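Trainee: entry_22.pdb (PDB, C-alpha atoms) pasted underneath:
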```pdb
ATOM      1  CA  MET T  16      90.376 129.843  99.790
ATOM      2  CA  GLU T  17      86.605 130.095  99.385
ATOM      3  CA  LYS T  18      86.811 128.268  96.043
ATOM      4  CA  ILE T  19      88.730 125.357  97.655
ATOM      5  CA  MET T  20      86.146 125.073 100.448
ATOM      6  CA  LEU T  21      83.335 125.069  97.883
ATOM      7  CA  GLU T  22      85.100 122.362  95.826
ATOM      8  CA  ASN T  23      85.633 120.226  98.960
ATOM      9  CA  LYS T  24      81.955 120.642  99.880
ATOM     10  CA  LYS T  25      80.893 119.595  96.375
ATOM     11  CA  GLN T  26      83.134 116.514  96.505
ATOM     12  CA  LYS T  27      81.588 115.464  99.813
ATOM     13  CA  LEU T  28      78.102 115.864  98.347
ATOM     14  CA  GLN T  29      78.811 113.282  95.632
ATOM     15  CA  VAL T  30      77.404 110.616  97.954
ATOM     16  CA  ALA T  31      74.391 111.095 100.233
ATOM     17  CA  ALA T  32      74.747 110.918 104.021
ATOM     18  CA  LEU T  33      74.001 107.584 105.671
ATOM     19  CA  GLU T  34      71.747 107.460 108.728
ATOM     20  CA  ASN T  35      72.640 103.897 109.788
ATOM     21  CA  GLY T  36      74.878 101.359 108.082
ATOM     22  CA  THR T  37      78.396 100.698 106.909
ATOM     23  CA  VAL T  38      80.833 102.577 104.715
ATOM     24  CA  ILE T  39      83.663 100.628 103.090
ATOM     25  CA  ASP T  40      86.238 103.125 101.866
ATOM     26  CA  HIS T  41      89.683 103.116 100.250
ATOM     27  CA  ILE T  42      88.919 100.058  98.120
ATOM     28  CA  PRO T  43      91.407  99.782  95.247
ATOM     29  CA  SER T  44      89.353 100.521  92.100
ATOM     30  CA  ASP T  45      90.346  97.238  90.455
ATOM     31  CA  LYS T  46      88.941  95.331  93.481
ATOM     32  CA  LEU T  47      85.668  97.262  93.933
ATOM     33  CA  PHE T  48      83.378  94.924  92.006
ATOM     34  CA  THR T  49      85.096  91.863  93.505
ATOM     35  CA  VAL T  50      84.161  93.231  96.950
ATOM     36  CA  VAL T  51      80.589  93.883  95.745
ATOM     37  CA  SER T  52      80.338  90.259  94.582
ATOM     38  CA  LEU T  53      81.983  88.759  97.692
ATOM     39  CA  LEU T  54      79.517  90.535  99.948
ATOM     40  CA  GLY T  55      76.555  89.575  97.745
ATOM     41  CA  LEU T  56      75.448  93.207  97.506
ATOM     42  CA  GLU T  57      73.649  92.590  94.215
ATOM     43  CA  HIS T  58      71.165  90.421  96.135
ATOM     44  CA  MET T  59      70.398  92.954  98.891
ATOM     45  CA  ASN T  60      67.366  95.211  99.016
ATOM     46  CA  ASN T  61      69.195  97.823 101.116
ATOM     47  CA  ASN T  62      69.974 101.259  99.735
ATOM     48  CA  ILE T  63      73.528 100.904  98.378
ATOM     49  CA  THR T  64      75.727 103.618  96.933
ATOM     50  CA  ILE T  65      78.841 102.619  95.006
ATOM     51  CA  GLY T  66      81.513 105.109  93.992
ATOM     52  CA  PHE T  67      84.024 103.945  91.385
ATOM     53  CA  ASN T  68      87.305 105.546  90.288
ATOM     54  CA  LEU T  69      87.025 108.384  92.794
ATOM     55  CA  ASN T  70      90.143 110.495  93.313
ATOM     56  CA  SER T  71      92.295 109.422  96.242
ATOM     57  CA  GLN T  72      95.538 110.909  97.509
ATOM     58  CA  LYS T  73      96.645 107.490  98.805
ATOM     59  CA  LEU T  74      95.534 105.197  95.974
ATOM     60  CA  GLY T  75      95.228 107.521  92.991
ATOM     61  CA  LYS T  76      91.793 106.065  92.267
ATOM     62  CA  LYS T  77      89.565 104.294  94.786
ATOM     63  CA  GLY T  78      86.157 102.810  95.312
ATOM     64  CA  ILE T  79      83.690 103.356  98.124
ATOM     65  CA  ILE T  80      80.557 101.460  99.127
ATOM     66  CA  LYS T  81      77.828 102.784 101.437
ATOM     67  CA  ILE T  82      75.229 100.281 102.612
ATOM     68  CA  ALA T  83      72.202 101.464 104.574
ATOM     69  CA  ASP T  84      71.068  99.435 107.579
ATOM     70  CA  LYS T  85      73.727  96.722 107.147
ATOM     71  CA  PHE T  86      76.442  95.807 109.633
ATOM     72  CA  PHE T  87      78.894  93.092 108.634
ATOM     73  CA  ASN T  88      80.098  90.200 110.761
ATOM     74  CA  ASP T  89      83.743  89.113 111.052
ATOM     75  CA  VAL T  90      83.443  86.402 108.381
ATOM     76  CA  GLU T  91      82.165  88.928 105.827
ATOM     77  CA  ILE T  92      84.890  91.398 106.765
ATOM     78  CA  ASN T  93      87.557  88.690 106.486
ATOM     79  CA  ARG T  94      86.376  87.968 102.937
ATOM     80  CA  ILE T  95      87.084  91.599 102.059
ATOM     81  CA  ALA T  96      90.538  91.460 103.693
ATOM     82  CA  VAL T  97      91.658  88.613 101.436
ATOM     83  CA  VAL T  98      91.161  90.622  98.223
ATOM     84  CA  ALA T  99      91.423  94.212  99.476
ATOM     85  CA  PRO T 100      93.440  94.545 102.679
ATOM     86  CA  HIS T 101      93.705  97.955 104.325
ATOM     87  CA  VAL T 102      90.233  99.147 103.337
ATOM     88  CA  LYS T 103      88.614 101.428 105.911
ATOM     89  CA  LEU T 104      85.365 100.367 107.531
ATOM     90  CA  ALA T 105      83.100 102.918 109.218
ATOM     91  CA  ILE T 106      79.992 102.036 111.207
ATOM     92  CA  ILE T 107      77.354 104.779 111.107
ATOM     93  CA  ARG T 108      74.517 105.220 113.606
ATOM     94  CA  ASN T 109      72.247 108.311 113.605
ATOM     95  CA  TYR T 110      74.472 109.966 110.973
ATOM     96  CA  GLU T 111      77.536 109.677 113.267
ATOM     97  CA  VAL T 112      80.608 107.479 112.847
ATOM     98  CA  VAL T 113      80.591 105.276 115.955
ATOM     99  CA  GLU T 114      83.406 102.950 114.889
ATOM    100  CA  LYS T 115      86.179 103.228 112.344
ATOM    101  CA  ARG T 116      88.836 100.646 111.601
ATOM    102  CA  GLU T 117      91.178  99.339 108.980
ATOM    103  CA  VAL T 118      90.410  95.864 107.697
ATOM    104  CA  GLY T 119      93.285  93.406 107.947
ATOM    105  CA  LEU T 120      93.796  89.713 107.547
ATOM    106  CA  PRO T 121      93.082  87.635 110.657
ATOM    107  CA  ASP T 122      95.498  84.930 111.829
ATOM    108  CA  GLU T 123      93.244  82.208 110.400
ATOM    109  CA  LEU T 124      90.668  81.916 107.629
ATOM    110  CA  HIS T 125      87.804  79.432 107.976
ATOM    111  CA  GLY T 126      85.575  78.498 105.032
ATOM    112  CA  ILE T 127      86.569  81.539 102.976
ATOM    113  CA  VAL T 128      89.312  80.312 100.636
ATOM    114  CA  LYS T 129      89.461  77.193  98.451
ATOM    115  CA  CYS T 130      92.606  75.072  98.726
ATOM    116  CA  SER T 131      94.491  74.964  95.409
ATOM    117  CA  ASN T 132      95.846  71.485  96.118
ATOM    118  CA  PRO T 133      93.650  69.100  94.078
ATOM    119  CA  VAL T 134      94.307  66.218  96.506
ATOM    120  CA  CYS T 135      93.540  68.220  99.667
ATOM    121  CA  ILE T 136      90.834  66.603 101.788
ATOM    122  CA  THR T 137      88.794  69.837 101.674
ATOM    123  CA  ASN T 138      88.338  69.337  97.924
ATOM    124  CA  HIS T 139      86.937  65.806  98.400
ATOM    125  CA  GLU T 140      85.012  65.862 101.684
ATOM    126  CA  PRO T 141      82.168  68.176 102.781
ATOM    127  CA  MET T 142      84.229  70.153 105.276
ATOM    128  CA  PRO T 143      85.154  73.813 105.643
ATOM    129  CA  THR T 144      88.623  74.929 104.653
ATOM    130  CA  HIS T 145      91.026  76.202 107.289
ATOM    131  CA  PHE T 146      94.072  78.337 106.509
ATOM    132  CA  HIS T 147      96.775  79.881 108.662
ATOM    133  CA  VAL T 148      97.963  83.303 107.532
ATOM    134  CA  VAL T 149     101.743  83.044 107.190
ATOM    135  CA  ASP T 150     102.398  86.597 105.930
ATOM    136  CA  LYS T 151      99.694  89.244 106.370
ATOM    137  CA  GLU T 152     101.421  91.905 104.257
ATOM    138  CA  GLN T 153     102.036  89.646 101.237
ATOM    139  CA  CYS T 154      98.866  87.579 101.917
ATOM    140  CA  ILE T 155     100.492  84.178 102.002
ATOM    141  CA  ILE T 156      98.308  81.478 103.546
ATOM    142  CA  ARG T 157      98.910  77.797 104.386
ATOM    143  CA  CYS T 158      96.263  75.070 104.374
ATOM    144  CA  HIS T 159      95.816  73.538 107.803
ATOM    145  CA  TYR T 160      95.243  70.063 106.323
ATOM    146  CA  CYS T 161      97.706  69.654 103.429
ATOM    147  CA  GLU T 162     100.070  72.555 104.276
ATOM    148  CA  LYS T 163     100.019  73.910 100.703
ATOM    149  CA  GLU T 164     100.884  77.620 100.633
ATOM    150  CA  GLN T 165      99.074  80.078  98.403
ATOM    151  CA  LYS T 166      99.800  83.692  97.495
ATOM    152  CA  ARG T 167      97.142  86.394  97.059
ATOM    153  CA  GLU T 168      97.150  86.111  93.258
ATOM    154  CA  ASP T 169      96.442  82.345  93.463
ATOM    155  CA  ILE T 170      93.649  82.557  96.042
ATOM    156  CA  GLU T 171      90.142  81.534  95.033
ATOM    157  CA  ILE T 172      87.372  82.762  97.316
ATOM    158  CA  ILE T 173      84.565  80.326  98.100
ATOM    159  CA  LYS T 174      81.260  81.922  97.115
TER     160      LYS T 174
END
```
I'd like the structure from this file rewritten - as C-alpha coordinates, please.
Mentor:
Amino acid sequence: MEKIMLENKKQKLQVAALENGTVIDHIPSDKLFTVVSLLGLEHMNNNITIGFNLNSQKLGKKGIIKIADKFFNDVEINRIAVVAPHVKLAIIRNYEVVEKREVGLPDELHGIVKCSNPVCITNHEPMPTHFHVVDKEQCIIRCHYCEKEQKREDIEIIK
(Lines of atoms letter the chains of each structure in order from A and count residues from 1; the text may use other names and numbers.)
(Lines give C-alpha, C1' and ligand atoms only; values in the text may rest on other atoms or scores of the structure.)
Protein backbone atom coordinates (compact mmCIF):
# COMPACT_ATOMS: atom_id res chain seq x y z
CA MET A 1 0.00 0.00 0.00
CA GLU A 2 2.78 2.42 0.92
CA LYS A 3 4.59 1.64 -2.34
CA ILE A 4 1.44 2.47 -4.38
CA MET A 5 1.02 5.79 -2.55
CA LEU A 6 4.68 6.64 -3.18
CA GLU A 7 4.33 5.77 -6.89
CA ASN A 8 1.17 7.92 -7.18
CA LYS A 9 2.98 10.81 -5.46
CA LYS A 10 5.92 10.48 -7.86
CA GLN A 11 3.59 10.47 -10.88
CA LYS A 12 1.93 13.67 -9.67
CA LEU A 13 5.34 15.31 -9.23
CA GLN A 14 6.17 14.84 -12.92
CA VAL A 15 4.72 18.29 -13.58
CA ALA A 16 5.14 21.30 -11.28
CA ALA A 17 2.13 22.89 -9.57
CA LEU A 18 0.56 25.89 -11.28
CA GLU A 19 -0.22 29.02 -9.27
CA ASN A 20 -2.48 30.67 -11.87
CA GLY A 21 -3.34 29.54 -15.39
CA THR A 22 -4.93 26.77 -17.39
CA VAL A 23 -4.43 23.03 -17.57
CA ILE A 24 -5.58 21.21 -20.70
CA ASP A 25 -5.71 17.50 -19.90
CA HIS A 26 -6.77 14.26 -21.58
CA ILE A 27 -5.53 15.37 -25.01
CA PRO A 28 -5.13 12.36 -27.32
CA SER A 29 -1.35 12.01 -27.82
CA ASP A 30 -1.65 12.19 -31.61
CA LYS A 31 -3.42 15.58 -31.28
CA LEU A 32 -1.14 17.19 -28.66
CA PHE A 33 1.12 19.14 -31.01
CA THR A 34 -1.85 20.14 -33.18
CA VAL A 35 -3.38 21.73 -30.06
CA VAL A 36 -0.05 23.43 -29.26
CA SER A 37 0.02 24.91 -32.78
CA LEU A 38 -3.67 25.92 -32.82
CA LEU A 39 -3.25 27.86 -29.60
CA GLY A 40 0.00 29.47 -30.79
CA LEU A 41 1.82 28.32 -27.66
CA GLU A 42 5.19 28.40 -29.41
CA HIS A 43 4.84 32.20 -29.60
CA MET A 44 4.00 32.76 -25.92
CA ASN A 45 6.44 33.87 -23.25
CA ASN A 46 4.43 32.20 -20.47
CA ASN A 47 5.81 29.25 -18.55
CA ILE A 48 4.41 26.22 -20.40
CA THR A 49 4.73 22.58 -19.45
CA ILE A 50 3.86 19.93 -22.03
CA GLY A 51 3.51 16.25 -21.15
CA PHE A 52 3.48 13.81 -24.06
CA ASN A 53 2.57 10.11 -24.11
CA LEU A 54 1.67 10.04 -20.42
CA ASN A 55 -0.16 6.95 -19.18
CA SER A 56 -3.94 7.30 -19.09
CA GLN A 57 -6.55 4.79 -18.01
CA LYS A 58 -9.08 6.32 -20.43
CA LEU A 59 -6.92 6.97 -23.50
CA GLY A 60 -3.97 4.62 -23.04
CA LYS A 61 -1.61 7.51 -23.77
CA LYS A 62 -2.45 11.20 -23.39
CA GLY A 63 -1.02 14.67 -23.50
CA ILE A 64 -1.32 17.49 -21.01
CA ILE A 65 -0.51 21.19 -21.29
CA LYS A 66 -0.08 23.58 -18.34
CA ILE A 67 0.10 27.28 -19.16
CA ALA A 68 0.94 29.79 -16.44
CA ASP A 69 -1.02 33.04 -16.29
CA LYS A 70 -3.12 32.28 -19.40
CA PHE A 71 -6.90 31.94 -19.54
CA PHE A 72 -8.45 31.07 -22.89
CA ASN A 73 -11.51 32.65 -24.47
CA ASP A 74 -14.34 30.70 -26.11
CA VAL A 75 -12.92 31.04 -29.64
CA GLU A 76 -9.61 29.50 -28.56
CA ILE A 77 -11.40 26.71 -26.71
CA ASN A 78 -13.61 26.02 -29.74
CA ARG A 79 -10.48 25.58 -31.86
CA ILE A 80 -9.37 22.82 -29.50
CA ALA A 81 -12.80 21.15 -29.62
CA VAL A 82 -12.63 20.73 -33.39
CA VAL A 83 -9.48 18.57 -33.27
CA ALA A 84 -9.62 17.15 -29.73
CA PRO A 85 -13.15 17.01 -28.31
CA HIS A 86 -13.62 15.86 -24.73
CA VAL A 87 -10.37 17.31 -23.40
CA LYS A 88 -10.60 18.53 -19.81
CA LEU A 89 -9.95 22.18 -19.06
CA ALA A 90 -9.05 23.31 -15.54
CA ILE A 91 -8.71 26.94 -14.48
CA ILE A 92 -6.23 27.42 -11.63
CA ARG A 93 -6.10 30.42 -9.29
CA ASN A 94 -3.84 30.50 -6.19
CA TYR A 95 -2.95 26.82 -6.72
CA GLU A 96 -6.65 25.81 -6.53
CA VAL A 97 -8.89 24.50 -9.31
CA VAL A 98 -11.68 27.08 -9.53
CA GLU A 99 -13.33 25.72 -12.68
CA LYS A 100 -13.20 22.38 -14.43
CA ARG A 101 -15.04 21.42 -17.59
CA GLU A 102 -15.00 19.16 -20.58
CA VAL A 103 -14.47 20.88 -23.91
CA GLY A 104 -17.14 20.15 -26.51
CA LEU A 105 -18.13 21.47 -29.88
CA PRO A 106 -20.45 24.49 -29.82
CA ASP A 107 -23.54 24.65 -32.04
CA GLU A 108 -21.76 27.00 -34.46
CA LEU A 109 -18.18 27.72 -35.49
CA HIS A 110 -17.23 31.22 -36.65
CA GLY A 111 -13.91 31.94 -38.38
CA ILE A 112 -12.29 28.72 -37.18
CA VAL A 113 -12.68 26.26 -40.06
CA LYS A 114 -12.01 26.71 -43.78
CA CYS A 115 -14.77 25.64 -46.16
CA SER A 116 -13.62 22.78 -48.41
CA ASN A 117 -15.90 23.89 -51.24
CA PRO A 118 -13.63 25.74 -53.71
CA VAL A 119 -16.55 27.85 -55.00
CA CYS A 120 -17.82 28.87 -51.54
CA ILE A 121 -18.02 32.64 -51.12
CA THR A 122 -15.79 32.43 -48.02
CA ASN A 123 -12.93 31.26 -50.24
CA HIS A 124 -13.28 34.29 -52.56
CA GLU A 125 -14.39 37.19 -50.36
CA PRO A 126 -12.76 38.59 -47.19
CA MET A 127 -15.37 37.26 -44.79
CA PRO A 128 -15.29 34.90 -41.82
CA THR A 129 -16.52 31.36 -42.26
CA HIS A 130 -19.64 30.20 -40.45
CA PHE A 131 -20.49 26.55 -39.84
CA HIS A 132 -23.38 24.81 -38.13
CA VAL A 133 -22.45 21.69 -36.18
CA VAL A 134 -24.70 18.92 -37.50
CA ASP A 135 -23.30 16.05 -35.38
CA LYS A 136 -21.19 16.88 -32.31
CA GLU A 137 -20.10 13.29 -31.63
CA GLN A 138 -18.90 12.58 -35.19
CA CYS A 139 -17.88 16.25 -35.76
CA ILE A 140 -19.86 16.83 -38.92
CA ILE A 141 -20.27 20.50 -39.81
CA ARG A 142 -22.21 22.32 -42.56
CA CYS A 143 -21.20 25.62 -44.16
CA HIS A 144 -23.78 28.32 -43.55
CA TYR A 145 -23.24 29.80 -47.03
CA CYS A 146 -22.84 26.87 -49.45
CA GLU A 147 -24.23 24.09 -47.21
CA LYS A 148 -21.27 21.77 -47.92
CA GLU A 149 -20.82 19.23 -45.11
CA GLN A 150 -17.41 18.26 -43.79
CA LYS A 151 -16.30 15.48 -41.46
CA ARG A 152 -13.57 15.83 -38.81
CA GLU A 153 -10.91 14.20 -40.99
CA ASP A 154 -11.58 16.71 -43.81
CA ILE A 155 -11.58 19.84 -41.63
CA GLU A 156 -8.86 22.43 -42.13
CA ILE A 157 -8.41 24.88 -39.27
CA ILE A 158 -7.80 28.51 -40.18
CA LYS A 159 -4.55 29.64 -38.57
Trainee: With the cut-off set at 12 Å and counting only C-alpha atoms, tabulate each residue of region 76-149 of chain T with an atom at most that distance from an atom of region 53-56 of chain T, showing the nearest atom pair and its distance in Å to one decimal, ordered by chain and increasing number, as CSV.
Mentor:
```
residue,atom,partner,partner_atom,distance
T:Ile80,CA,T:Leu56,CA,9.8
T:Lys81,CA,T:Leu56,CA,10.6
T:Ile82,CA,T:Leu56,CA,8.7
T:Ala83,CA,T:Leu56,CA,11.3
T:Lys85,CA,T:Leu56,CA,10.4
T:Phe86,CA,T:Leu54,CA,11.4
T:Phe87,CA,T:Leu54,CA,9.1
T:Asn88,CA,T:Leu54,CA,10.8
T:Asp89,CA,T:Leu54,CA,12.0
T:Val90,CA,T:Leu54,CA,10.2
T:Glu91,CA,T:Leu54,CA,6.6
T:Ile92,CA,T:Leu54,CA,8.7
T:Asn93,CA,T:Leu53,CA,10.4
T:Arg94,CA,T:Leu53,CA,6.9
T:Ile95,CA,T:Leu53,CA,7.3
T:Ala96,CA,T:Leu53,CA,10.8
T:Val97,CA,T:Leu53,CA,10.4
T:Val98,CA,T:Leu53,CA,9.4
T:Ala99,CA,T:Leu53,CA,11.0
T:Ile127,CA,T:Leu53,CA,10.1
T:Val128,CA,T:Leu53,CA,11.6
```
Trainee: Pick the closest to Ile107 (chain T) from T:Gln165, T:Pro43, T:Asp84, T:Ile170: which is it, counting only C-alpha atoms?
Mentor: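 Counting only C-alpha atoms, the residue closest to Ile107 (chain T) is T:Asp84.
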Trainee: Given all atoms listed in the file as the basis, pick out the residue of T:Ile106, T:Cys135, T:Pro100, T:Glu168 nearest to Leu120 (chain T).
Mentor: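 So, comparing all the options, the nearest one is T:Pro100.
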Trainee: Please work out which residues fall within 12 Å of (95.7, 108.7, 102.4), coordinates as given in the file, with only C-alpha atoms counting, and return them as a PDB file with C-alpha atoms, in the frame of the given file.
Mentor:
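Listing of result.pdb after writing:
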```
ATOM      1  CA  ASP T  40      86.238 103.125 101.866  1.00  0.00           C
ATOM      2  CA  HIS T  41      89.683 103.116 100.250  1.00  0.00           C
ATOM      3  CA  ILE T  42      88.919 100.058  98.120  1.00  0.00           C
ATOM      4  CA  ASN T  70      90.143 110.495  93.313  1.00  0.00           C
ATOM      5  CA  SER T  71      92.295 109.422  96.242  1.00  0.00           C
ATOM      6  CA  GLN T  72      95.538 110.909  97.509  1.00  0.00           C
ATOM      7  CA  LYS T  73      96.645 107.490  98.805  1.00  0.00           C
ATOM      8  CA  LEU T  74      95.534 105.197  95.974  1.00  0.00           C
ATOM      9  CA  GLY T  75      95.228 107.521  92.991  1.00  0.00           C
ATOM     10  CA  LYS T  76      91.793 106.065  92.267  1.00  0.00           C
ATOM     11  CA  LYS T  77      89.565 104.294  94.786  1.00  0.00           C
ATOM     12  CA  HIS T 101      93.705  97.955 104.325  1.00  0.00           C
ATOM     13  CA  VAL T 102      90.233  99.147 103.337  1.00  0.00           C
ATOM     14  CA  LYS T 103      88.614 101.428 105.911  1.00  0.00           C
TER      15      LYS T 103
END
```
Trainee: Can you work out which one of T:Pro121, T:Val50, T:Asp45, T:Tyr160 has the shortest atom-to-atom distance to Glu140 (chain T), counting all atoms listed in the file?
Mentor: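 Looking at the shortest contact to Glu140 (chain T), the residue is T:Tyr160.
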Trainee: Pull out every residue that the PyMOL selection byres ((chain T and resi 110) around 7) matches in the shown coordinates and put them as a PyMOL selection string.
Mentor: chain T and resi 33-35+107-109+111-112
Trainee: Just checking: using only C-alpha atoms, which residue out of T:Asp150, T:Thr49, T:Val134, T:Asn62 ends up closest to Ile172 (chain T)?
Mentor: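 When distances to Ile172 (chain T) are compared using only C-alpha atoms, the smallest one comes from T:Thr49.
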Trainee: In Å, with one decimal, what is the gap from CA of Ile155 (chain T) to CA of Arg167 (chain T)?
Mentor: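 Those two atoms sit 6.4 Å apart.
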Trainee: Could you tell me how far CA of Asn132 (chain T) sits from CA of Cys154 (chain T), in Å to one decimal place?
Mentor: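 Spanning CA of Cys154 (chain T) to CA of Asn132 (chain T) is a straight-line distance of 17.4 Å.
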Trainee: Which of these residues is nearest to Pro133 (chain T), using all atoms listed in the file: T:Arg157, T:Lys46, T:Lys163, T:His147?
Mentor: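 For Pro133 (chain T), the nearest of the given residues is T:Lys163.
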